Each structure stands twice: as structure tokens, then as C-alpha cells.
file my_file.txt (compact mmCIF, C-alpha atoms and all ligand atoms)
# COMPACT_ATOMS: atom_id res chain seq x y z
CA MET A 1 -65.01 -36.11 -53.16
CA LYS A 2 -68.31 -35.99 -55.01
CA LYS A 3 -70.77 -33.16 -55.47
CA ASN A 4 -73.53 -35.13 -53.70
CA GLN A 5 -71.21 -35.54 -50.68
CA LEU A 6 -70.81 -31.77 -50.56
CA ASP A 7 -74.61 -31.37 -50.80
CA ALA A 8 -74.97 -33.75 -47.84
CA LEU A 9 -72.47 -31.66 -45.86
CA HIS A 10 -74.59 -28.56 -46.50
CA SER A 11 -77.70 -30.37 -45.23
CA TRP A 12 -75.78 -31.52 -42.16
CA PHE A 13 -74.60 -27.94 -41.50
CA ASP A 14 -78.14 -26.56 -41.67
CA SER A 15 -79.47 -29.05 -39.15
CA TYR A 16 -76.38 -28.78 -36.94
CA VAL A 17 -76.60 -25.01 -36.43
CA GLU A 18 -80.37 -24.87 -35.93
CA PRO A 19 -80.43 -25.73 -32.16
CA PHE A 20 -77.83 -23.04 -31.41
CA LEU A 21 -80.43 -20.43 -32.37
CA ALA A 22 -82.59 -21.45 -29.40
CA THR A 23 -81.09 -18.80 -27.13
CA ASP A 24 -81.60 -15.18 -26.09
CA ARG A 25 -81.69 -12.22 -28.50
CA GLU A 26 -78.01 -11.34 -28.15
CA GLY A 27 -77.05 -14.98 -28.67
CA VAL A 28 -79.23 -15.31 -31.77
CA GLN A 29 -77.59 -12.21 -33.27
CA ASN A 30 -74.10 -13.61 -32.68
CA ILE A 31 -74.93 -17.13 -33.92
CA ARG A 32 -76.64 -15.71 -37.04
CA LEU A 33 -73.50 -13.72 -37.73
CA LYS A 34 -71.46 -16.94 -37.90
CA ILE A 35 -74.04 -18.76 -40.05
CA GLU A 36 -74.05 -15.84 -42.49
CA HIS A 37 -70.24 -15.66 -42.35
CA THR A 38 -70.00 -19.35 -43.26
CA ARG A 39 -72.32 -18.91 -46.25
CA LYS A 40 -70.36 -15.91 -47.49
CA VAL A 41 -67.01 -17.67 -47.03
CA CYS A 42 -68.42 -20.48 -49.20
CA GLU A 43 -69.31 -17.87 -51.86
CA VAL A 44 -65.84 -16.29 -51.73
CA MET A 45 -64.25 -19.74 -51.87
CA ALA A 46 -66.14 -20.45 -55.11
CA LEU A 47 -64.71 -17.22 -56.57
CA LEU A 48 -61.19 -18.16 -55.46
CA SER A 49 -61.52 -21.71 -56.86
CA ASP A 50 -62.58 -20.22 -60.16
CA GLY A 51 -59.94 -17.47 -60.23
CA GLU A 52 -57.12 -19.79 -59.22
CA GLY A 53 -58.11 -22.46 -61.75
CA LEU A 54 -58.86 -25.33 -59.35
CA SER A 55 -60.06 -28.63 -60.81
CA GLU A 56 -63.66 -29.68 -60.13
CA ASN A 57 -62.56 -32.08 -57.38
CA GLU A 58 -60.26 -29.50 -55.78
CA ALA A 59 -63.08 -26.95 -55.82
CA ILE A 60 -65.40 -29.40 -54.01
CA ILE A 61 -62.78 -30.02 -51.31
CA ALA A 62 -62.20 -26.27 -50.97
CA ALA A 63 -65.97 -25.77 -50.63
CA ALA A 64 -66.11 -28.38 -47.85
CA VAL A 65 -63.28 -26.60 -46.01
CA ALA A 66 -65.17 -23.30 -46.30
CA LEU A 67 -68.37 -24.83 -44.95
CA LEU A 68 -66.66 -26.52 -42.00
CA HIS A 69 -63.92 -24.06 -41.05
CA ASP A 70 -65.92 -22.30 -38.33
CA VAL A 71 -68.23 -25.05 -37.03
CA GLY A 72 -66.31 -24.78 -33.76
CA ARG A 73 -67.79 -21.30 -33.29
CA PHE A 74 -71.20 -22.70 -32.37
CA PRO A 75 -70.20 -24.85 -29.36
CA GLN A 76 -67.66 -22.14 -28.46
CA TYR A 77 -70.34 -19.49 -28.19
CA ARG A 78 -72.81 -21.76 -26.39
CA ARG A 79 -70.25 -22.69 -23.75
CA TRP A 80 -68.33 -19.43 -23.28
CA ARG A 81 -70.54 -16.73 -24.87
CA THR A 82 -67.56 -15.32 -26.75
CA PHE A 83 -65.77 -15.71 -30.08
CA LEU A 84 -62.47 -14.76 -28.44
CA ASP A 85 -60.31 -17.90 -28.48
CA SER A 86 -58.03 -16.51 -25.75
CA ASP A 87 -61.02 -16.35 -23.37
CA SER A 88 -62.33 -19.78 -24.35
CA ASP A 89 -60.70 -22.39 -26.58
CA ASN A 90 -59.15 -22.54 -30.04
CA HIS A 91 -62.19 -22.57 -32.35
CA ALA A 92 -60.30 -24.48 -35.08
CA ARG A 93 -59.60 -27.30 -32.64
CA LEU A 94 -63.24 -27.20 -31.55
CA ALA A 95 -64.21 -27.51 -35.23
CA ILE A 96 -62.18 -30.71 -35.54
CA ASP A 97 -63.99 -32.10 -32.47
CA VAL A 98 -67.35 -31.34 -34.11
CA ILE A 99 -66.28 -32.87 -37.45
CA ARG A 100 -65.20 -36.09 -35.71
CA GLU A 101 -68.02 -36.35 -33.17
CA GLU A 102 -70.62 -35.78 -35.86
CA LYS A 103 -68.74 -38.03 -38.33
CA VAL A 104 -69.47 -35.48 -41.04
CA LEU A 105 -66.69 -36.71 -43.34
CA ALA A 106 -67.65 -40.40 -43.17
CA GLY A 107 -67.59 -41.96 -46.63
CA ILE A 108 -65.14 -39.41 -48.05
CA ASP A 109 -61.75 -40.61 -49.30
CA PRO A 110 -59.40 -40.71 -46.23
CA SER A 111 -56.72 -38.59 -47.92
CA GLU A 112 -59.35 -35.95 -48.71
CA GLN A 113 -60.67 -36.12 -45.13
CA LEU A 114 -57.14 -35.36 -43.96
CA LEU A 115 -56.81 -32.40 -46.34
CA ILE A 116 -60.10 -30.93 -45.09
CA GLU A 117 -59.25 -31.44 -41.42
CA GLU A 118 -55.79 -29.93 -41.78
CA ALA A 119 -57.07 -26.85 -43.59
CA VAL A 120 -59.71 -26.35 -40.88
CA ARG A 121 -57.19 -26.92 -38.09
CA PHE A 122 -54.70 -24.36 -39.38
CA HIS A 123 -57.10 -21.75 -40.78
CA ASN A 124 -56.84 -19.38 -37.82
CA MET A 125 -53.14 -19.57 -36.91
CA LEU A 126 -51.14 -16.37 -37.03
CA ALA A 127 -48.91 -18.22 -39.50
CA PRO A 128 -49.45 -21.83 -40.59
CA PRO A 129 -46.62 -24.21 -39.65
CA ALA A 130 -43.69 -23.90 -42.06
CA GLY A 131 -43.34 -27.62 -42.80
CA ILE A 132 -46.75 -28.03 -44.40
CA GLN A 133 -46.53 -29.14 -48.02
CA SER A 134 -48.90 -28.86 -50.92
CA PRO A 135 -51.67 -29.88 -51.49
CA THR A 136 -52.55 -29.18 -47.83
CA ARG A 137 -50.88 -25.79 -48.08
CA LYS A 138 -53.10 -24.86 -51.02
CA TYR A 139 -56.33 -25.37 -49.03
CA ILE A 140 -54.92 -23.65 -45.95
CA ASN A 141 -54.05 -20.62 -48.07
CA LEU A 142 -57.45 -20.59 -49.76
CA ILE A 143 -59.46 -20.77 -46.53
CA ARG A 144 -57.31 -18.15 -44.82
CA ASP A 145 -57.89 -15.77 -47.73
CA ALA A 146 -61.62 -16.51 -48.04
CA ASP A 147 -62.08 -16.10 -44.29
CA LYS A 148 -60.36 -12.72 -44.27
CA LEU A 149 -62.31 -11.48 -47.29
CA ASP A 150 -65.53 -12.12 -45.42
CA ILE A 151 -64.34 -10.88 -42.01
CA TRP A 152 -63.62 -7.57 -43.77
CA ARG A 153 -67.23 -7.55 -45.01
CA VAL A 154 -68.62 -8.31 -41.54
CA PHE A 155 -66.53 -5.65 -39.88
CA VAL A 156 -67.27 -2.96 -42.46
CA GLU A 157 -71.01 -3.71 -42.25
CA MET A 158 -71.07 -3.82 -38.45
CA LEU A 159 -69.11 -0.63 -37.98
CA ALA A 160 -71.62 1.17 -40.19
CA LEU A 161 -74.24 0.44 -37.50
CA PRO A 162 -74.65 2.55 -34.35
CA PRO A 163 -72.60 0.90 -31.51
CA GLU A 164 -75.72 -0.30 -29.64
CA GLN A 165 -76.91 -2.24 -32.70
CA ARG A 166 -73.63 -4.05 -33.31
CA PRO A 167 -73.56 -7.76 -32.39
CA SER A 168 -71.67 -7.79 -29.08
CA ALA A 169 -69.08 -10.39 -30.09
CA ILE A 170 -67.95 -8.58 -33.21
CA THR A 171 -65.50 -6.05 -31.84
CA LEU A 172 -64.08 -8.47 -29.26
CA GLY A 173 -65.27 -6.28 -26.41
CA LEU A 174 -62.97 -3.43 -27.49
CA GLU A 175 -64.01 0.16 -26.98
CA ASP A 176 -64.63 2.34 -30.03
CA LEU A 177 -62.78 5.54 -29.09
CA PRO A 178 -62.49 7.96 -32.02
CA GLY A 179 -59.02 9.51 -32.09
CA THR A 180 -57.43 6.78 -29.98
CA VAL A 181 -54.92 4.46 -31.60
CA SER A 182 -51.87 2.53 -30.32
CA GLU A 183 -48.49 3.63 -31.66
CA SER A 184 -47.19 0.04 -31.77
CA CYS A 185 -50.00 -0.98 -34.15
CA ILE A 186 -49.20 1.89 -36.54
CA VAL A 187 -45.53 0.92 -36.48
CA MET A 188 -46.35 -2.71 -37.31
CA LEU A 189 -48.62 -1.75 -40.21
CA ASN A 190 -46.07 0.74 -41.54
CA ALA A 191 -43.42 -1.98 -41.49
CA GLY A 192 -45.63 -4.17 -43.66
CA SER A 193 -46.23 -6.72 -40.93
CA ILE A 194 -49.40 -8.21 -39.50
CA VAL A 195 -50.59 -6.27 -36.44
CA ARG A 196 -50.61 -8.71 -33.54
CA LEU A 197 -53.93 -9.46 -31.88
CA ASP A 198 -52.36 -9.20 -28.43
CA SER A 199 -51.27 -5.62 -29.14
CA ILE A 200 -54.69 -4.16 -29.86
CA LEU A 201 -56.44 -2.09 -27.23
CA CYS A 202 -59.32 -0.36 -29.03
CA VAL A 203 -61.44 -0.58 -32.20
CA ASN A 204 -59.05 1.66 -34.19
CA ASP A 205 -56.24 -0.81 -33.42
CA PHE A 206 -58.51 -3.56 -34.69
CA ARG A 207 -59.01 -1.54 -37.89
CA LEU A 208 -55.22 -1.36 -38.30
CA LEU A 209 -54.98 -5.09 -37.69
CA GLN A 210 -57.56 -5.76 -40.36
CA ILE A 211 -55.80 -3.46 -42.83
CA SER A 212 -52.53 -5.31 -42.12
CA TRP A 213 -54.11 -8.57 -43.30
CA VAL A 214 -53.46 -7.41 -46.88
CA TYR A 215 -49.91 -8.63 -46.25
CA ASP A 216 -51.18 -12.09 -45.43
CA LEU A 217 -53.24 -12.70 -48.59
CA THR A 218 -51.80 -15.55 -50.60
CA CYS A 219 -53.26 -15.32 -54.09
CA ASP A 220 -53.88 -12.76 -56.81
CA THR A 221 -57.60 -13.53 -56.98
CA SER A 222 -57.93 -12.54 -53.31
CA ARG A 223 -56.08 -9.28 -53.88
CA ARG A 224 -58.29 -8.53 -56.89
CA ILE A 225 -61.49 -9.22 -54.91
CA LEU A 226 -60.28 -7.02 -52.07
CA ARG A 227 -59.49 -4.18 -54.47
CA GLU A 228 -62.92 -4.53 -56.08
CA ARG A 229 -64.75 -4.64 -52.75
CA GLY A 230 -62.92 -1.60 -51.45
CA TYR A 231 -62.93 -2.65 -47.78
CA ILE A 232 -59.54 -1.13 -46.94
CA PRO A 233 -60.42 2.50 -47.79
CA VAL A 234 -63.64 2.12 -45.76
CA LEU A 235 -61.74 0.82 -42.72
CA ALA A 236 -59.13 3.54 -43.10
CA ALA A 237 -61.73 6.31 -43.37
CA SER A 238 -62.59 6.06 -39.66
CA LEU A 239 -58.99 6.18 -38.45
CA PRO A 240 -57.51 9.36 -36.95
CA GLU A 241 -56.09 11.80 -39.52
CA ARG A 242 -52.32 11.39 -39.17
CA ALA A 243 -49.48 11.34 -41.71
CA ASP A 244 -47.98 8.07 -40.43
CA ILE A 245 -51.35 6.31 -40.60
CA ARG A 246 -52.00 7.68 -44.10
CA GLU A 247 -48.59 6.45 -45.24
CA ALA A 248 -49.12 2.99 -43.73
CA VAL A 249 -52.53 2.65 -45.39
CA SER A 250 -51.18 3.79 -48.79
CA LYS A 251 -48.47 1.16 -48.60
CA ALA A 252 -51.03 -1.51 -47.75
CA LEU A 253 -53.21 -0.48 -50.69
CA ALA A 254 -50.25 -0.35 -53.07
CA SER A 255 -49.33 -3.93 -52.08
CA LEU A 256 -52.68 -5.09 -53.46
CA SER A 257 -51.81 -3.92 -56.96
CA ALA A 258 -48.21 -5.09 -56.92
FE FE B 1 -64.21 -17.81 -40.51

call {"tool": "encode", "arguments": {"input": "my_file.txt", "output": "C-alpha cells", "more": "lines below"}}
Ligand SMILES: [Fe+2]
result
Amino acid sequence: MKKNQLDALHSWFDSYVEPFLATDREGVQNIRLKIEHTRKVCEVMALLSDGEGLSENEAIIAAAVALLHDVGRFPQYRRWRTFLDSDSDNHARLAIDVIREEKVLAGIDPSEQLLIEEAVRFHNMLAPPAGIQSPTRKYINLIRDADKLDIWRVFVEMLALPPEQRPSAITLGLEDLPGTVSESCIVMLNAGSIVRLDSILCVNDFRLLQISWVYDLTCDTSRRILRERGYIPVLAASLPERADIREAVSKALASLSA
């Protein structure tokens, strides 16, 4: 894939998202959030490509994956007014529909088209299918890491705002109840596993889920960026003061330096 093909993808993205902004104030806020998220994931992806020593061609493919991974969010929000896949449709599958309908990968080497589509398709699974081999696996890992690194940013920034100023779709409709936290989520984090999305009942559970993503990062560059950005201590600072939570968070932090 060539640099000018990536430039053309960026131009396509800009004109594709534009009409989705023709909506009400709440909608504009939520759509803007996803446009900004995409740009930041592209920035993180460039850091990961650099840190992990990707070739120039690999870095261009990774950049295309970053740009396209969430294009399904725009039709998803327009149709269902939510970013919750369980209340609408799988946004990775929707992204593939957009990529094909809009023929955005036309002219790109078919094997590279496949790599891009597969990385987009699997970017949001709890765990990518076991049988997937490299090089597909490499791009799936990169986009999953880049995506998480920016979702941490979004969440940390949004939770710093007063609740009424937060974009409505960001906390998945969960209530922010200081002091409330689900025992099962603490247990999962303490065991070093990913907190399951279907087990979260409030914003503190969502914080635990996001902290547990440290166990899902796939490369050292991602762990280094997360340490430098310091998102985990910020997320943990709003959790209830409890020994088991403190212990679970310490373990998660220690895993970043291991
Ligand atoms: Fe994303």
C-alpha cells in the first residue's frame, strides 16, 4: 500500500463523516467524540508502529486500520443513537459494510485489503479468534492496543467533566454512584482477568473494567505509553477506598512494568 493511497483514505474519511454532524447538539457531541477518537488512534498507531519497528509498508497498513476501525460508529449512532453494540449492532461488522459499500480500499493490493478488513473486523472482540495467524494477528494486536490507549484518554477526560457536560454515549448509560462497586468486578480484576462488559452495573465497575485492560495489552510500546500517560492511577483515584481494590490496582500497575 502506498502513502498516497493512505492520504486518499484520509480525504475519504473527512468527507464521509461530515454529513453525520448534521444532527442535534447531543448527536454532534457524540459524533465529534468518535471523529476525535479516530484521529487520536491514528496518532497512537504511529507511535506503536515506530516503537515496534514496523516497516514503512506495514506502518501504512496499520495507519489504514486505525483510520477505518470505527467507521461503523457513524451509521450505528445515526440509526440507533447509541455506541452500545448490544443495543444496536456490532460496530466492527458495520465498519466492514461501510468499507465495502464505499469501496474505500479499491486499488489496494487484495492481500492488504484482507489484512485491513480482518483487523477492523476483530478489533472489538473480547478475545480475537485463536486460529488467526500473523501477519493478520499483528494488525489485530496493534489496533486493539491503540484503541484502548485512546479510550483511556477519552474516559479520563470525560470523567473530569461535571456529569451534565459529559457526552451521553460515553458512560454507556451507567450511573455514576460514588462508593458503589460490584464485588464480581473487583474479584475479576484481582485475578488478573479482563472485567466482563456484561458484569458492569455502574461507572465504578466501568473504571475497573478499563483498569483490567492492562492485562490485554499486547506489546511493550503500549505498556510504556500507558505508564507515561498515567491513565490507570487517574481512573483508580475515583474508586472507593478499599484494601481489595487497592491491591487489585497495584497488581495491574505492576504488570505494566513487568
Ligand atoms: Fe476505537

call {"tool": "residues_around", "arguments": {"input": "my_file.txt", "residues": "Asp85 in chain A", "least_positions_apart": "5", "cutoff": "10 Å", "atoms": "all atoms listed in the file", "output": "list in words"}}
result
Arg73, Gln76, Trp80, Asn90, His91 and Ala92 of chain A

call {"tool": "residues_near_ligand", "arguments": {"input": "my_file.txt", "ligand": "ligand FE 1 (chain B)", "cutoff": "12 Å", "atoms": "only C-alpha atoms and all ligand atoms", "output": "number ranges by chain"}}
result
A: 33-42, 44-45, 65-74, 83, 91-92, 95, 119-125, 142-154

call {"tool": "write_last_selection", "arguments": {"input": "my_file.txt", "atoms": "C-alpha atoms", "output": "compact mmCIF listing (two decimals), in the coordinates of the input"}}
result
# COMPACT_ATOMS: atom_id res chain seq x y z
CA LEU A 33 -73.50 -13.72 -37.73
CA LYS A 34 -71.46 -16.94 -37.90
CA ILE A 35 -74.04 -18.76 -40.05
CA GLU A 36 -74.05 -15.84 -42.49
CA HIS A 37 -70.24 -15.66 -42.35
CA THR A 38 -70.00 -19.35 -43.26
CA ARG A 39 -72.32 -18.91 -46.25
CA LYS A 40 -70.36 -15.91 -47.49
CA VAL A 41 -67.01 -17.67 -47.03
CA CYS A 42 -68.42 -20.48 -49.20
CA VAL A 44 -65.84 -16.29 -51.73
CA MET A 45 -64.25 -19.74 -51.87
CA VAL A 65 -63.28 -26.60 -46.01
CA ALA A 66 -65.17 -23.30 -46.30
CA LEU A 67 -68.37 -24.83 -44.95
CA LEU A 68 -66.66 -26.52 -42.00
CA HIS A 69 -63.92 -24.06 -41.05
CA ASP A 70 -65.92 -22.30 -38.33
CA VAL A 71 -68.23 -25.05 -37.03
CA GLY A 72 -66.31 -24.78 -33.76
CA ARG A 73 -67.79 -21.30 -33.29
CA PHE A 74 -71.20 -22.70 -32.37
CA PHE A 83 -65.77 -15.71 -30.08
CA HIS A 91 -62.19 -22.57 -32.35
CA ALA A 92 -60.30 -24.48 -35.08
CA ALA A 95 -64.21 -27.51 -35.23
CA ALA A 119 -57.07 -26.85 -43.59
CA VAL A 120 -59.71 -26.35 -40.88
CA ARG A 121 -57.19 -26.92 -38.09
CA PHE A 122 -54.70 -24.36 -39.38
CA HIS A 123 -57.10 -21.75 -40.78
CA ASN A 124 -56.84 -19.38 -37.82
CA MET A 125 -53.14 -19.57 -36.91
CA LEU A 142 -57.45 -20.59 -49.76
CA ILE A 143 -59.46 -20.77 -46.53
CA ARG A 144 -57.31 -18.15 -44.82
CA ASP A 145 -57.89 -15.77 -47.73
CA ALA A 146 -61.62 -16.51 -48.04
CA ASP A 147 -62.08 -16.10 -44.29
CA LYS A 148 -60.36 -12.72 -44.27
CA LEU A 149 -62.31 -11.48 -47.29
CA ASP A 150 -65.53 -12.12 -45.42
CA ILE A 151 -64.34 -10.88 -42.01
CA TRP A 152 -63.62 -7.57 -43.77
CA ARG A 153 -67.23 -7.55 -45.01
CA VAL A 154 -68.62 -8.31 -41.54

call {"tool": "closest_residue", "arguments": {"input": "my_file.txt", "among": "A:Glu102, A:Met1, A:Asp87, A:Ser55", "to": "Tyr16 in chain A", "atoms": "all atoms listed in the file"}}
result
A:Glu102

call {"tool": "atom_distance", "arguments": {"input": "my_file.txt", "atom1": "CA of Val195 in chain A", "atom2": "CA of Leu209 in chain A"}}
result
4.7 Å

call {"tool": "residues_around", "arguments": {"input": "my_file.txt", "residues": "Glu112 in chain A", "least_positions_apart": "3", "cutoff": "12 Å", "atoms": "all atoms listed in the file", "output": "number ranges by chain"}}
result
A: 1-2, 57-58, 60-62, 64-65, 105-109, 115-119, 135-136, 139

call {"tool": "closest_residue", "arguments": {"input": "my_file.txt", "among": "A:Leu54, A:Arg207, A:Arg78, A:Gln5", "to": "Phe20 in chain A", "atoms": "all atoms listed in the file"}}
result
A:Arg78

call {"tool": "axis_aligned_box", "arguments": {"input": "my_file.txt", "around": "range 97-105 of chain A", "padding_each_side": "6 Å", "output": "AutoDock Vina command-line options"}}
result
--center_x -67.3 --center_y -34.7 --center_z -37.9 --size_x 18.6 --size_y 18.7 --size_z 22.9

call {"tool": "closest_residue", "arguments": {"input": "my_file.txt", "among": "A:Gln210, A:Thr82, A:Ser15, A:Thr23", "to": "Pro167 in chain A", "atoms": "only C-alpha atoms"}}
result
A:Thr82

call {"tool": "atom_distance", "arguments": {"input": "my_file.txt", "atom1": "CA of Ser193 in chain A", "atom2": "CA of Trp213 in chain A"}}
result
8.4 Å

call {"tool": "atom_distance", "arguments": {"input": "my_file.txt", "atom1": "CA of Gly179 in chain A", "atom2": "CA of Lys251 in chain A"}}
result
21.3 Å

call {"tool": "residues_near_point", "arguments": {"input": "my_file.txt", "point": "(-47.8, 7.5, -40.3)", "cutoff": "12 Å", "atoms": "all atoms listed in the file", "output": "ChimeraX atom specification"}}
result
/A:181-191,208,239-251

call {"tool": "closest_residue", "arguments": {"input": "my_file.txt", "among": "A:Asp176, A:Glu18, A:Asp198, A:Asp7", "to": "Leu159 in chain A", "atoms": "only C-alpha atoms"}}
result
A:Asp176

call {"tool": "closest_residue", "arguments": {"input": "my_file.txt", "among": "A:Thr171, A:Thr218, A:Ser134, A:Ser11", "to": "Val203 in chain A", "atoms": "only C-alpha atoms"}}
result
A:Thr171

call {"tool": "closest_residue", "arguments": {"input": "my_file.txt", "among": "A:Ile211, A:Ala59, A:Ile99, A:Val234", "to": "Ala252 in chain A", "atoms": "all atoms listed in the file"}}
result
A:Ile211

call {"tool": "residues_around", "arguments": {"input": "my_file.txt", "residues": "Tyr215 in chain A", "least_positions_apart": "3", "cutoff": "7 Å", "atoms": "only C-alpha atoms", "output": "number ranges by chain"}}
result
A: 192-194, 212

call {"tool": "decode", "arguments": {"input": "my_file.txt", "residues": "range 128-138 of chain A", "atoms": "all heavy atoms", "output": "PDB file, in the first residue's frame"}}
result
ATOM      1  N   PRO A 128      -9.656 -12.081  20.265  1.00  0.00           N
ATOM      2  CA  PRO A 128      -9.689 -12.441  18.853  1.00  0.00           C
ATOM      3  C   PRO A 128      -9.616 -13.955  18.685  1.00  0.00           C
ATOM      4  O   PRO A 128      -9.041 -14.637  19.534  1.00  0.00           O
ATOM      5  CB  PRO A 128      -8.448 -11.766  18.261  1.00  0.00           C
ATOM      6  CG  PRO A 128      -7.697 -11.167  19.389  1.00  0.00           C
ATOM      7  CD  PRO A 128      -8.452 -11.366  20.653  1.00  0.00           C
ATOM      8  N   PRO A 129     -10.220 -14.496  17.620  1.00  0.00           N
ATOM      9  CA  PRO A 129     -10.220 -15.946  17.421  1.00  0.00           C
ATOM     10  C   PRO A 129      -8.804 -16.524  17.484  1.00  0.00           C
ATOM     11  O   PRO A 129      -7.865 -15.925  16.965  1.00  0.00           O
ATOM     12  CB  PRO A 129     -10.803 -16.107  16.014  1.00  0.00           C
ATOM     13  CG  PRO A 129     -11.534 -14.833  15.738  1.00  0.00           C
ATOM     14  CD  PRO A 129     -10.865 -13.767  16.532  1.00  0.00           C
ATOM     15  N   ALA A 130      -8.691 -17.696  18.112  1.00  0.00           N
ATOM     16  CA  ALA A 130      -7.373 -18.281  18.387  1.00  0.00           C
ATOM     17  C   ALA A 130      -6.612 -18.662  17.119  1.00  0.00           C
ATOM     18  O   ALA A 130      -5.393 -18.593  17.080  1.00  0.00           O
ATOM     19  CB  ALA A 130      -7.543 -19.502  19.283  1.00  0.00           C
ATOM     20  N   GLY A 131      -7.336 -19.050  16.069  1.00  0.00           N
ATOM     21  CA  GLY A 131      -6.664 -19.575  14.880  1.00  0.00           C
ATOM     22  C   GLY A 131      -5.985 -18.537  14.007  1.00  0.00           C
ATOM     23  O   GLY A 131      -5.333 -18.890  13.031  1.00  0.00           O
ATOM     24  N   ILE A 132      -6.150 -17.259  14.335  1.00  0.00           N
ATOM     25  CA  ILE A 132      -5.627 -16.230  13.420  1.00  0.00           C
ATOM     26  C   ILE A 132      -4.102 -16.162  13.480  1.00  0.00           C
ATOM     27  O   ILE A 132      -3.502 -16.091  14.543  1.00  0.00           O
ATOM     28  CB  ILE A 132      -6.247 -14.856  13.763  1.00  0.00           C
ATOM     29  CG1 ILE A 132      -7.719 -14.889  13.390  1.00  0.00           C
ATOM     30  CG2 ILE A 132      -5.547 -13.742  12.995  1.00  0.00           C
ATOM     31  CD1 ILE A 132      -8.451 -13.630  13.670  1.00  0.00           C
ATOM     32  N   GLN A 133      -3.503 -16.203  12.286  1.00  0.00           N
ATOM     33  CA  GLN A 133      -2.040 -16.237  12.196  1.00  0.00           C
ATOM     34  C   GLN A 133      -1.481 -14.854  11.886  1.00  0.00           C
ATOM     35  O   GLN A 133      -2.210 -13.968  11.454  1.00  0.00           O
ATOM     36  CB  GLN A 133      -1.629 -17.179  11.063  1.00  0.00           C
ATOM     37  CG  GLN A 133      -2.170 -18.596  11.198  1.00  0.00           C
ATOM     38  CD  GLN A 133      -1.601 -19.311  12.417  1.00  0.00           C
ATOM     39  OE1 GLN A 133      -0.426 -19.157  12.732  1.00  0.00           O
ATOM     40  NE2 GLN A 133      -2.419 -20.065  13.118  1.00  0.00           N
ATOM     41  N   SER A 134      -0.179 -14.706  12.068  1.00  0.00           N
ATOM     42  CA  SER A 134       0.455 -13.493  11.605  1.00  0.00           C
ATOM     43  C   SER A 134       0.460 -13.548  10.073  1.00  0.00           C
ATOM     44  O   SER A 134       0.453 -14.651   9.525  1.00  0.00           O
ATOM     45  CB  SER A 134       1.878 -13.395  12.137  1.00  0.00           C
ATOM     46  OG  SER A 134       2.638 -14.472  11.652  1.00  0.00           O
ATOM     47  N   PRO A 135       0.445 -12.442   9.299  1.00  0.00           N
ATOM     48  CA  PRO A 135       0.569 -11.082   9.821  1.00  0.00           C
ATOM     49  C   PRO A 135      -0.759 -10.472  10.296  1.00  0.00           C
ATOM     50  O   PRO A 135      -0.752  -9.422  10.908  1.00  0.00           O
ATOM     51  CB  PRO A 135       1.096 -10.315   8.604  1.00  0.00           C
ATOM     52  CG  PRO A 135       0.531 -11.049   7.433  1.00  0.00           C
ATOM     53  CD  PRO A 135       0.440 -12.489   7.842  1.00  0.00           C
ATOM     54  N   THR A 136      -1.897 -11.150  10.044  1.00  0.00           N
ATOM     55  CA  THR A 136      -3.175 -10.578  10.473  1.00  0.00           C
ATOM     56  C   THR A 136      -3.158 -10.292  11.972  1.00  0.00           C
ATOM     57  O   THR A 136      -3.595  -9.245  12.433  1.00  0.00           O
ATOM     58  CB  THR A 136      -4.327 -11.578  10.165  1.00  0.00           C
ATOM     59  OG1 THR A 136      -4.172 -12.006   8.819  1.00  0.00           O
ATOM     60  CG2 THR A 136      -5.666 -10.927  10.343  1.00  0.00           C
ATOM     61  N   ARG A 137      -2.640 -11.263  12.715  1.00  0.00           N
ATOM     62  CA  ARG A 137      -2.599 -11.148  14.176  1.00  0.00           C
ATOM     63  C   ARG A 137      -1.882  -9.873  14.613  1.00  0.00           C
ATOM     64  O   ARG A 137      -2.280  -9.208  15.563  1.00  0.00           O
ATOM     65  CB  ARG A 137      -1.900 -12.406  14.735  1.00  0.00           C
ATOM     66  CG  ARG A 137      -1.473 -12.355  16.167  1.00  0.00           C
ATOM     67  CD  ARG A 137      -2.624 -12.409  17.138  1.00  0.00           C
ATOM     68  NE  ARG A 137      -3.409 -13.611  17.008  1.00  0.00           N
ATOM     69  CZ  ARG A 137      -4.434 -13.928  17.818  1.00  0.00           C
ATOM     70  NH1 ARG A 137      -4.757 -13.125  18.798  1.00  0.00           N
ATOM     71  NH2 ARG A 137      -5.114 -15.032  17.637  1.00  0.00           N
ATOM     72  N   LYS A 138      -0.809  -9.533  13.894  1.00  0.00           N
ATOM     73  CA  LYS A 138      -0.023  -8.349  14.256  1.00  0.00           C
ATOM     74  C   LYS A 138      -0.884  -7.075  14.210  1.00  0.00           C
ATOM     75  O   LYS A 138      -0.871  -6.271  15.131  1.00  0.00           O
ATOM     76  CB  LYS A 138       1.154  -8.214  13.269  1.00  0.00           C
ATOM     77  CG  LYS A 138       1.997  -6.976  13.509  1.00  0.00           C
ATOM     78  CD  LYS A 138       2.953  -6.687  12.363  1.00  0.00           C
ATOM     79  CE  LYS A 138       4.102  -7.662  12.333  1.00  0.00           C
ATOM     80  NZ  LYS A 138       5.217  -7.216  11.479  1.00  0.00           N
TER      81      LYS A 138
END
